[in-house]
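Enquirer: Below you'll find target04.tsv; it's TSV, C-alpha atoms.
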```tsv
chain	number	residue	atom	x	y	z
A	1	MET	CA	-23.50	31.00	-15.48
A	2	ALA	CA	-19.97	32.05	-14.47
A	3	LYS	CA	-18.84	28.53	-13.72
A	4	GLY	CA	-20.18	27.13	-17.00
A	5	THR	CA	-18.63	29.95	-19.01
A	6	ASP	CA	-15.28	29.46	-17.30
A	7	VAL	CA	-15.33	25.74	-18.12
A	8	GLN	CA	-16.20	26.43	-21.76
A	9	ILE	CA	-13.38	28.97	-22.09
A	10	LYS	CA	-10.92	26.35	-20.85
A	11	ARG	CA	-12.27	23.89	-23.40
A	12	GLY	CA	-12.09	26.54	-26.09
A	13	LEU	CA	-14.77	28.78	-27.57
A	14	VAL	CA	-16.36	27.12	-30.57
A	15	LYS	CA	-15.72	28.77	-33.92
A	16	GLU	CA	-18.18	28.86	-36.82
A	17	TYR	CA	-18.11	29.95	-40.44
A	18	ILE	CA	-19.85	33.33	-40.41
A	19	PRO	CA	-21.05	34.74	-43.77
A	20	LYS	CA	-19.79	38.29	-44.36
A	21	MET	CA	-20.19	40.82	-47.14
A	22	GLU	CA	-18.04	43.96	-47.38
A	23	ALA	CA	-16.11	46.23	-49.72
A	24	LEU	CA	-12.53	45.00	-50.17
A	25	SER	CA	-9.53	46.20	-52.15
A	26	ALA	CA	-8.14	42.65	-52.33
A	27	LEU	CA	-10.67	40.20	-53.74
A	28	ARG	CA	-11.91	37.46	-51.43
A	29	GLY	CA	-14.64	34.86	-51.85
A	30	ARG	CA	-17.34	35.72	-54.37
A	31	ILE	CA	-17.70	39.11	-56.01
A	32	ASN	CA	-21.13	40.70	-55.79
A	33	ILE	CA	-21.25	42.67	-59.06
A	34	THR	CA	-24.76	44.03	-58.54
A	35	GLU	CA	-24.01	45.42	-55.12
A	36	SER	CA	-20.66	46.79	-56.27
A	37	ILE	CA	-22.32	48.76	-59.07
A	38	LYS	CA	-25.11	49.96	-56.81
A	39	THR	CA	-22.72	51.29	-54.17
A	40	GLN	CA	-20.11	52.45	-56.74
A	41	THR	CA	-17.26	50.91	-54.73
A	42	MET	CA	-15.26	50.57	-57.98
A	43	LEU	CA	-14.59	54.31	-57.82
A	44	LYS	CA	-12.56	53.54	-54.68
A	45	ASN	CA	-10.83	50.55	-56.29
A	46	GLN	CA	-12.96	48.19	-54.20
A	47	MET	CA	-15.48	45.43	-54.86
A	48	ILE	CA	-18.23	44.01	-52.68
A	49	CYS	CA	-17.19	40.48	-51.73
A	50	SER	CA	-19.13	37.70	-50.00
A	51	TYR	CA	-17.11	35.19	-47.98
A	52	ASP	CA	-17.19	32.98	-44.90
A	53	GLU	CA	-15.03	33.87	-41.93
A	54	PHE	CA	-14.03	31.23	-39.34
A	55	SER	CA	-14.77	33.12	-36.15
A	56	VAL	CA	-15.84	32.86	-32.51
A	57	ASN	CA	-18.61	35.32	-33.35
A	58	GLY	CA	-21.19	32.53	-33.61
A	59	ILE	CA	-24.71	32.62	-32.22
A	60	MET	CA	-23.96	30.60	-29.07
A	61	ASN	CA	-21.05	32.78	-28.00
A	62	ARG	CA	-23.14	35.87	-28.79
A	63	ILE	CA	-25.95	34.55	-26.56
A	64	ILE	CA	-23.51	33.94	-23.71
A	65	LYS	CA	-22.00	37.42	-23.99
A	66	SER	CA	-25.37	39.16	-24.19
A	67	THR	CA	-26.74	37.18	-21.25
A	68	ALA	CA	-23.67	38.12	-19.19
A	69	GLU	CA	-24.20	41.78	-20.10
A	70	LEU	CA	-27.83	41.46	-19.04
A	71	LEU	CA	-26.73	40.08	-15.67
A	72	LEU	CA	-24.17	42.84	-15.27
A	73	ARG	CA	-27.01	45.37	-15.56
A	74	SER	CA	-29.17	43.49	-13.06
A	75	ASP	CA	-29.25	43.42	-9.28
A	76	ILE	CA	-26.58	40.82	-8.48
A	77	SER	CA	-23.65	40.99	-6.08
A	78	ASN	CA	-20.48	42.87	-7.01
A	79	VAL	CA	-18.48	39.66	-6.52
A	80	ARG	CA	-20.50	37.92	-9.23
A	81	LYS	CA	-20.28	40.95	-11.51
A	82	LYS	CA	-16.51	41.01	-11.11
A	83	GLU	CA	-16.31	37.33	-12.09
A	84	LEU	CA	-18.47	37.86	-15.18
A	85	ARG	CA	-16.43	40.89	-16.28
A	86	ARG	CA	-13.25	38.83	-15.96
A	87	LEU	CA	-14.70	36.15	-18.23
A	88	MET	CA	-16.02	38.62	-20.80
A	89	VAL	CA	-12.43	39.56	-21.69
A	90	TYR	CA	-12.35	36.32	-23.70
A	91	PHE	CA	-15.43	37.44	-25.65
A	92	GLU	CA	-13.84	40.62	-27.00
A	93	ASP	CA	-14.32	39.52	-30.64
A	94	VAL	CA	-17.91	38.45	-30.03
A	95	ALA	CA	-20.73	40.83	-30.92
A	96	PRO	CA	-23.86	41.07	-28.72
A	97	VAL	CA	-27.21	39.80	-29.97
A	98	ASP	CA	-30.82	40.86	-29.36
A	99	LEU	CA	-31.89	38.27	-26.79
A	100	TYR	CA	-35.55	39.06	-27.41
A	101	SER	CA	-35.36	37.76	-30.99
A	102	VAL	CA	-33.05	34.75	-30.51
A	103	ASN	CA	-34.19	31.41	-31.90
A	104	TRP	CA	-33.48	29.11	-28.95
A	105	ASN	CA	-33.98	25.92	-30.98
A	106	ILE	CA	-30.25	25.52	-31.53
A	107	LYS	CA	-28.97	22.37	-33.18
A	108	TYR	CA	-26.14	20.69	-31.31
A	109	ASN	CA	-23.53	18.35	-32.69
A	110	ARG	CA	-20.35	16.66	-31.54
A	111	ASN	CA	-18.38	19.90	-31.76
A	112	ASN	CA	-20.70	22.15	-29.77
A	113	GLN	CA	-22.64	19.81	-27.46
A	114	THR	CA	-20.71	21.15	-24.45
A	115	TYR	CA	-22.70	24.38	-24.89
A	116	ARG	CA	-26.07	22.71	-24.29
A	117	MET	CA	-26.23	23.25	-20.52
A	118	LEU	CA	-24.79	26.77	-20.72
A	119	ILE	CA	-27.28	27.88	-23.36
A	120	SER	CA	-30.09	26.39	-21.24
A	121	ILE	CA	-28.91	28.52	-18.32
A	122	CYS	CA	-28.88	31.59	-20.57
A	123	TYR	CA	-32.42	30.74	-21.63
A	124	LEU	CA	-33.50	30.51	-18.00
A	125	VAL	CA	-31.82	33.81	-17.11
A	126	VAL	CA	-33.25	35.70	-20.06
A	127	LYS	CA	-36.79	34.40	-19.78
A	128	GLY	CA	-36.79	34.77	-16.04
A	129	MET	CA	-35.99	38.46	-16.36
A	130	ILE	CA	-38.43	39.36	-19.12
A	131	GLN	CA	-41.50	37.37	-18.10
A	132	THR	CA	-43.80	37.80	-15.16
A	133	ASN	CA	-47.29	36.81	-14.09
A	134	SER	CA	-50.15	39.20	-13.45
A	135	ASP	CA	-49.67	38.92	-9.68
A	136	GLY	CA	-46.01	39.82	-9.95
A	137	SER	CA	-44.64	36.33	-9.31
A	138	VAL	CA	-42.50	34.31	-11.68
A	139	LYS	CA	-42.86	30.57	-12.10
A	140	LEU	CA	-40.27	28.52	-13.94
A	141	MET	CA	-42.81	26.21	-15.54
A	142	ASP	CA	-44.31	29.20	-17.33
A	143	PHE	CA	-41.37	29.54	-19.64
A	144	ILE	CA	-39.00	26.57	-19.57
A	145	ASP	CA	-39.67	23.04	-20.76
A	146	GLU	CA	-39.48	20.08	-18.39
A	147	GLN	CA	-36.49	18.43	-20.04
A	148	ARG	CA	-34.22	21.48	-19.75
A	149	MET	CA	-35.37	22.28	-16.23
A	150	CYS	CA	-34.90	18.67	-15.11
A	151	ARG	CA	-31.27	18.79	-16.20
A	152	LEU	CA	-30.68	22.10	-14.40
A	153	TYR	CA	-32.44	20.76	-11.30
A	154	GLU	CA	-30.29	17.63	-11.30
A	155	LYS	CA	-27.03	19.56	-11.74
A	156	PHE	CA	-27.95	22.06	-9.03
A	157	ILE	CA	-28.47	19.36	-6.39
A	158	LEU	CA	-25.33	17.46	-7.45
A	159	GLU	CA	-23.16	20.58	-7.19
A	160	TYR	CA	-24.81	21.64	-3.92
A	161	TYR	CA	-23.83	18.42	-2.15
A	162	ARG	CA	-20.34	18.51	-3.67
A	163	LYS	CA	-19.74	22.01	-2.34
A	164	GLU	CA	-21.52	21.91	1.01
A	165	TYR	CA	-20.69	18.36	2.10
A	166	PRO	CA	-17.02	17.64	1.34
A	167	GLU	CA	-17.03	14.69	3.78
A	168	ILE	CA	-19.64	12.95	1.62
A	169	LYS	CA	-18.45	11.52	-1.69
A	170	THR	CA	-20.76	12.99	-4.32
A	171	ASN	CA	-20.84	11.99	-7.98
A	172	ALA	CA	-23.07	10.80	-10.81
A	173	SER	CA	-21.71	7.25	-11.04
A	174	GLN	CA	-22.75	4.49	-13.37
A	175	ILE	CA	-23.99	1.24	-11.87
A	176	THR	CA	-22.93	-2.07	-13.38
A	177	TRP	CA	-25.59	-4.62	-14.27
A	178	GLN	CA	-25.20	-7.65	-12.00
A	179	LEU	CA	-25.57	-10.42	-14.57
A	180	ASP	CA	-25.46	-14.17	-14.13
A	181	ASP	CA	-23.80	-14.90	-17.48
A	182	GLY	CA	-21.97	-11.59	-18.03
A	183	SER	CA	-23.77	-10.84	-21.29
A	184	ASP	CA	-24.82	-7.17	-21.38
A	185	VAL	CA	-25.59	-6.86	-25.09
A	186	MET	CA	-28.12	-4.06	-25.75
A	187	LEU	CA	-28.62	-3.33	-22.05
A	188	PRO	CA	-28.96	0.42	-21.34
A	189	VAL	CA	-26.41	2.22	-19.18
A	190	MET	CA	-27.50	2.72	-15.58
A	191	GLN	CA	-26.46	6.35	-15.12
A	192	THR	CA	-27.40	7.78	-11.75
A	193	ASP	CA	-28.25	11.43	-11.27
A	194	ILE	CA	-26.61	11.64	-7.86
A	195	MET	CA	-24.87	9.07	-5.66
A	196	LEU	CA	-23.90	10.05	-2.12
A	197	SER	CA	-21.63	7.76	-0.13
A	198	ARG	CA	-20.00	7.97	3.28
A	199	GLY	CA	-18.56	4.99	5.10
A	200	GLU	CA	-20.78	1.98	4.56
A	201	LYS	CA	-23.82	4.06	3.53
A	202	ILE	CA	-24.86	4.85	-0.05
A	203	LEU	CA	-27.83	6.99	-1.09
A	204	ILE	CA	-28.82	7.02	-4.77
A	205	ILE	CA	-30.96	10.06	-5.67
A	206	ASP	CA	-32.96	10.28	-8.87
A	207	THR	CA	-34.07	13.89	-9.45
A	208	THR	CA	-37.23	14.54	-11.39
A	209	TYR	CA	-38.87	17.75	-12.56
A	210	TYR	CA	-42.46	17.28	-13.71
A	211	SER	CA	-45.39	19.65	-13.96
A	212	HIS	CA	-47.31	16.84	-12.19
A	213	THR	CA	-45.48	14.75	-9.61
A	214	THR	CA	-48.16	12.04	-9.51
A	215	GLN	CA	-50.55	10.36	-11.91
A	216	SER	CA	-54.27	10.42	-11.21
A	217	ARG	CA	-56.60	7.64	-12.29
A	218	PHE	CA	-60.22	7.40	-11.10
A	219	GLY	CA	-59.42	9.80	-8.27
A	220	ALA	CA	-56.46	7.80	-6.96
A	221	TYR	CA	-52.97	9.31	-7.02
A	222	LYS	CA	-50.07	7.07	-7.97
A	223	LEU	CA	-46.34	7.58	-8.43
A	224	HIS	CA	-44.87	7.55	-11.92
A	225	SER	CA	-44.20	3.85	-12.36
A	226	GLY	CA	-41.17	4.33	-14.62
A	227	ASP	CA	-39.41	6.46	-11.98
A	228	LEU	CA	-40.03	3.89	-9.26
A	229	TYR	CA	-38.91	0.96	-11.43
A	230	GLN	CA	-35.72	2.82	-12.31
A	231	ILE	CA	-34.64	3.72	-8.76
A	232	PHE	CA	-35.49	0.19	-7.60
A	233	THR	CA	-33.29	-1.26	-10.36
A	234	TYR	CA	-30.42	1.05	-9.44
A	235	VAL	CA	-30.62	0.18	-5.75
A	236	LYS	CA	-30.86	-3.60	-6.19
A	237	ASN	CA	-27.97	-3.77	-8.66
A	238	LYS	CA	-25.82	-1.63	-6.36
A	239	GLU	CA	-26.86	-3.83	-3.44
A	240	ILE	CA	-25.62	-6.96	-5.19
A	241	GLU	CA	-22.43	-5.18	-6.29
A	242	MET	CA	-21.66	-4.41	-2.63
A	243	GLU	CA	-22.70	-7.80	-1.20
A	244	ASN	CA	-19.16	-8.72	-0.11
A	245	LYS	CA	-18.79	-5.51	1.94
A	246	TYR	CA	-20.59	-4.18	4.98
A	247	HIS	CA	-22.98	-1.67	3.42
A	248	GLU	CA	-26.37	0.00	3.37
A	249	VAL	CA	-27.86	1.06	0.03
A	250	SER	CA	-30.95	3.26	-0.19
A	251	GLY	CA	-32.69	5.17	-2.94
A	252	MET	CA	-34.69	8.38	-3.22
A	253	LEU	CA	-36.91	9.95	-5.84
A	254	LEU	CA	-36.61	13.71	-5.30
A	255	TYR	CA	-39.31	15.62	-7.15
A	256	ALA	CA	-39.48	19.39	-7.52
A	257	LYS	CA	-42.55	20.51	-5.59
A	258	THR	CA	-45.52	21.73	-7.61
A	259	ASP	CA	-48.81	23.45	-6.78
A	260	GLU	CA	-50.67	20.13	-6.64
A	261	ALA	CA	-52.75	19.41	-3.56
A	262	THR	CA	-51.41	15.86	-3.22
A	263	LEU	CA	-47.63	15.50	-3.09
A	264	PRO	CA	-45.61	12.34	-2.42
A	265	ASP	CA	-43.85	11.99	0.92
A	266	ASN	CA	-43.40	8.29	1.46
A	267	THR	CA	-40.80	5.73	2.51
A	268	TYR	CA	-40.97	2.13	1.34
A	269	TYR	CA	-38.95	-0.90	2.42
A	270	MET	CA	-38.46	-3.10	-0.62
A	271	SER	CA	-36.60	-6.41	-0.39
A	272	GLY	CA	-34.33	-5.11	2.36
A	273	ASN	CA	-33.70	-1.62	0.98
A	274	LYS	CA	-35.25	1.73	1.87
A	275	ILE	CA	-36.62	3.78	-1.02
A	276	SER	CA	-38.06	7.22	-0.30
A	277	VAL	CA	-40.12	9.60	-2.40
A	278	LYS	CA	-39.80	13.26	-1.43
A	279	THR	CA	-40.41	16.73	-2.86
A	280	LEU	CA	-38.12	19.75	-2.76
A	281	ASP	CA	-39.81	23.14	-2.44
A	282	LEU	CA	-37.97	25.58	-4.73
A	283	ASP	CA	-40.50	28.40	-4.31
A	284	CYS	CA	-38.85	29.84	-1.20
A	285	ASP	CA	-35.75	31.65	0.00
A	286	PHE	CA	-32.48	29.86	-0.75
A	287	THR	CA	-31.78	29.34	2.96
A	288	GLU	CA	-34.95	27.24	3.14
A	289	ILE	CA	-34.01	25.26	0.02
A	290	SER	CA	-30.60	24.67	1.59
A	291	ALA	CA	-32.19	23.50	4.85
A	292	GLN	CA	-34.29	20.93	2.99
A	293	LEU	CA	-31.23	19.51	1.20
A	294	ASN	CA	-29.23	19.53	4.45
A	295	THR	CA	-31.91	17.53	6.21
A	296	ILE	CA	-31.76	14.80	3.55
A	297	ALA	CA	-27.98	14.39	3.83
A	298	GLU	CA	-27.65	14.84	7.58
A	299	SER	CA	-30.50	12.52	8.54
A	300	TYR	CA	-29.38	9.71	6.24
A	301	PHE	CA	-25.68	9.88	7.10
A	302	ASP	CA	-26.28	10.55	10.81
A	303	LEU	CA	-24.57	13.92	10.70
A	304	LYS	CA	-25.28	16.51	13.34
A	305	ILE	CA	-27.67	19.16	12.12
A	306	GLY	CA	-25.68	22.22	11.12
A	307	SER	CA	-22.39	20.33	11.22
A	308	LEU	CA	-21.27	22.12	8.10
A	309	LEU	CA	-21.57	25.65	9.42
A	310	LYS	CA	-17.79	25.54	9.59
A	311	ASN	CA	-17.77	25.74	5.78
A	312	VAL	CA	-19.89	28.85	5.63
```
So, in terms of structure tokens, how does the structure I just supplied come out?

Expert:
Amino acid sequence: MAKGTDVQIKRGLVKEYIPKMEALSALRGRINITESIKTQTMLKNQMICSYDEFSVNGIMNRIIKSTAELLLRSDISNVRKKELRRLMVYFEDVAPVDLYSVNWNIKYNRNNQTYRMLISICYLVVKGMIQTNSDGSVKLMDFIDEQRMCRLYEKFILEYYRKEYPEIKTNASQITWQLDDGSDVMLPVMQTDIMLSRGEKILIIDTTYYSHTTQSRFGAYKLHSGDLYQIFTYVKNKEIEMENKYHEVSGMLLYAKTDEATLPDNTYYMSGNKISVKTLDLDCDFTEISAQLNTIAESYFDLKIGSLLKNV
């Protein structure tokens, strides 16, 4: 939340035309005769005027400010509270909003699309604090749709490896189609979720957040075919791209663990490349989540377990 808000402040808070109606001595916009007569503002040499004001006090900035205020009242560390308070200085002209009545179906365009992830995080924070199950537990799938959660899940893992493993190059690179004639008309962009590389080794990770990690047909559980086709395509095109260098390219489908009885945990060797299918258990303490992610990186890149304790 703090990082996303900081980035948006540097980009600039989006301004919107906000409709306002107030009594003014100098006329502005449209005069509301009916309201002026009703409130007798003419006795004070004023008229009720309706006009649009270009302001940062738009709904998205109001959501961000109110979510930050909600966090400041919650049980988070003083360090995080200090960071949020520092950022809220830039929201001085923004009024809070009732988060319980917000319409979260916000329309994004070219001017405000940078807010999409940040508003999704606000949604997660707000809903996570106000909803609970009868047994006292909170499950993300109860209140956030798969598409939004998948994006958050992807960004979390990408940023985790960037921060915790500086010796591994971590990015979300595009892969070039390896074409015989060079014609790429109408071909989709191959945009990876996460690409880890160190030395001659490359691991392409495709993160996926489904309510069901497998498909069941006649009692048999199968992987989502589209996910497997996609990671295979990424790996083979990257393999050909690197053919003139000493290299090792592998792929991984990393699903968020669900409550299903059957969960994928497989490794396949396809045309010379290793492709794994794993699950990440998010329903545990963060130290355990961290350990799972560390195992993936350290085992693939032959790092000593716990080699990054120096960064803690």

Enquirer: For each of A:Ile275, A:Ala261, A:Leu99, A:Met117, take the minimum atom-to-atom distance to A:Val7, counting only C-alpha atoms, then give the residue where this is smallest.

Expert: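 Closest to A:Val7, using only C-alpha atoms: A:Met117.
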
Enquirer: Work out how far apart atom CA of A:Arg198 and atom CA of A:Tyr160 are and give it in Å to one decimal.

Expert: 16.2 Å

Enquirer: My list of candidates is A:Asn57, A:Thr295, A:Glu35, A:Thr41. Which is closest to A:Pro19 when distances are computed with all atoms listed in the file?

Expert: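 Once distances to A:Pro19 are computed over all atoms listed in the file, the minimum belongs to A:Asn57.
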
Enquirer: Which distance in Å separates atom CA of A:Tyr165 and atom CA of A:Ile289, to one decimal?

Expert: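 Those two atoms sit 15.1 Å apart.
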
Enquirer: Could you check the closest approach to A:Asn45 for each of A:Asn32, A:Asn105, A:Ala23, A:Tyr161 and tell me which residue wins, using all atoms listed in the file?

Expert: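 Counting all atoms listed in the file, the residue closest to A:Asn45 is A:Ala23.
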
Enquirer: Could you work out how far atom CA of A:Val235 lies from atom CA of A:Asp180, giving the answer in Å with one decimal?

Expert: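 Spanning atom CA of A:Asp180 to atom CA of A:Val235 is a straight-line distance of 17.4 Å.
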
Enquirer: Which of these, A:Ala256, A:Leu71, A:Ile296, A:Ile205, has the shortest distance to A:Ile231 once you count only C-alpha atoms?

Expert: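 Among the listed residues, the smallest separation from A:Ile231 belongs to A:Ile205.
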
Enquirer: Neighbouring residues of A:Thr67 were defined as those with any atom within 9 Å, considering all atoms listed in the file; residues of the same chain fewer than 5 positions away were excluded. Please report them as an NGL selection string.

Expert: :A and (62 or 72 or 96 or 99 or 122-123 or 125-126)

Enquirer: Using all atoms listed in the file, determine which residues lie at most 6 Å from stretch 244-252 of chain A, disregarding the query and same-chain residues fewer than 6 positions distant; provide the list as a PyMOL selection string.

Expert: chain A and resi 200-205+273-277

Enquirer: May I have the residues within 10 Å of A:Tyr221 as a list of chain:residue names, using only C-alpha atoms and disregarding those fewer than 4 positions away in the same chain?

Expert: A:Thr213, A:Thr214, A:Gln215, A:Ser216, A:Arg217, A:Thr262, A:Leu263, A:Pro264

Enquirer: Using all atoms listed in the file for the distances, tell me which of A:Val14, A:Leu253, A:Leu282, A:Val102 is nearest to A:Tyr268.

Expert: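 Using all atoms listed in the file, the shortest distance to A:Tyr268 belongs to A:Leu253.
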
Enquirer: So that I can check the surroundings of A:Lys169, please list as a PyMOL selection string every protein, DNA and RNA residue that reaches within 8 Å of it, counting all atoms listed in the file and ignoring chain neighbours fewer than 5 positions away.

Expert: chain A and resi 162+195-198

Enquirer: So, with only C-alpha atoms as the atoms that count, which of A:His224, A:Lys236, A:Lys155, A:Arg80 lies closest to A:Ile121?

Expert: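 Between A:His224, A:Lys236, A:Lys155, A:Arg80, the residue approaching A:Ile121 most closely is A:Lys155.
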
Enquirer: At most 12 Å from (-13.8, 39.8, -20.9), file frame, all atoms listed in the file: which residues, as a list in words?

Expert: Ala2, Thr5, Asp6, Ile9, Ile64, Lys65, Ala68, Glu69, Lys81, Lys82, Glu83, Leu84, Arg85, Arg86, Leu87, Met88, Val89, Tyr90, Phe91, Glu92, Asp93 and Val94 of chain A
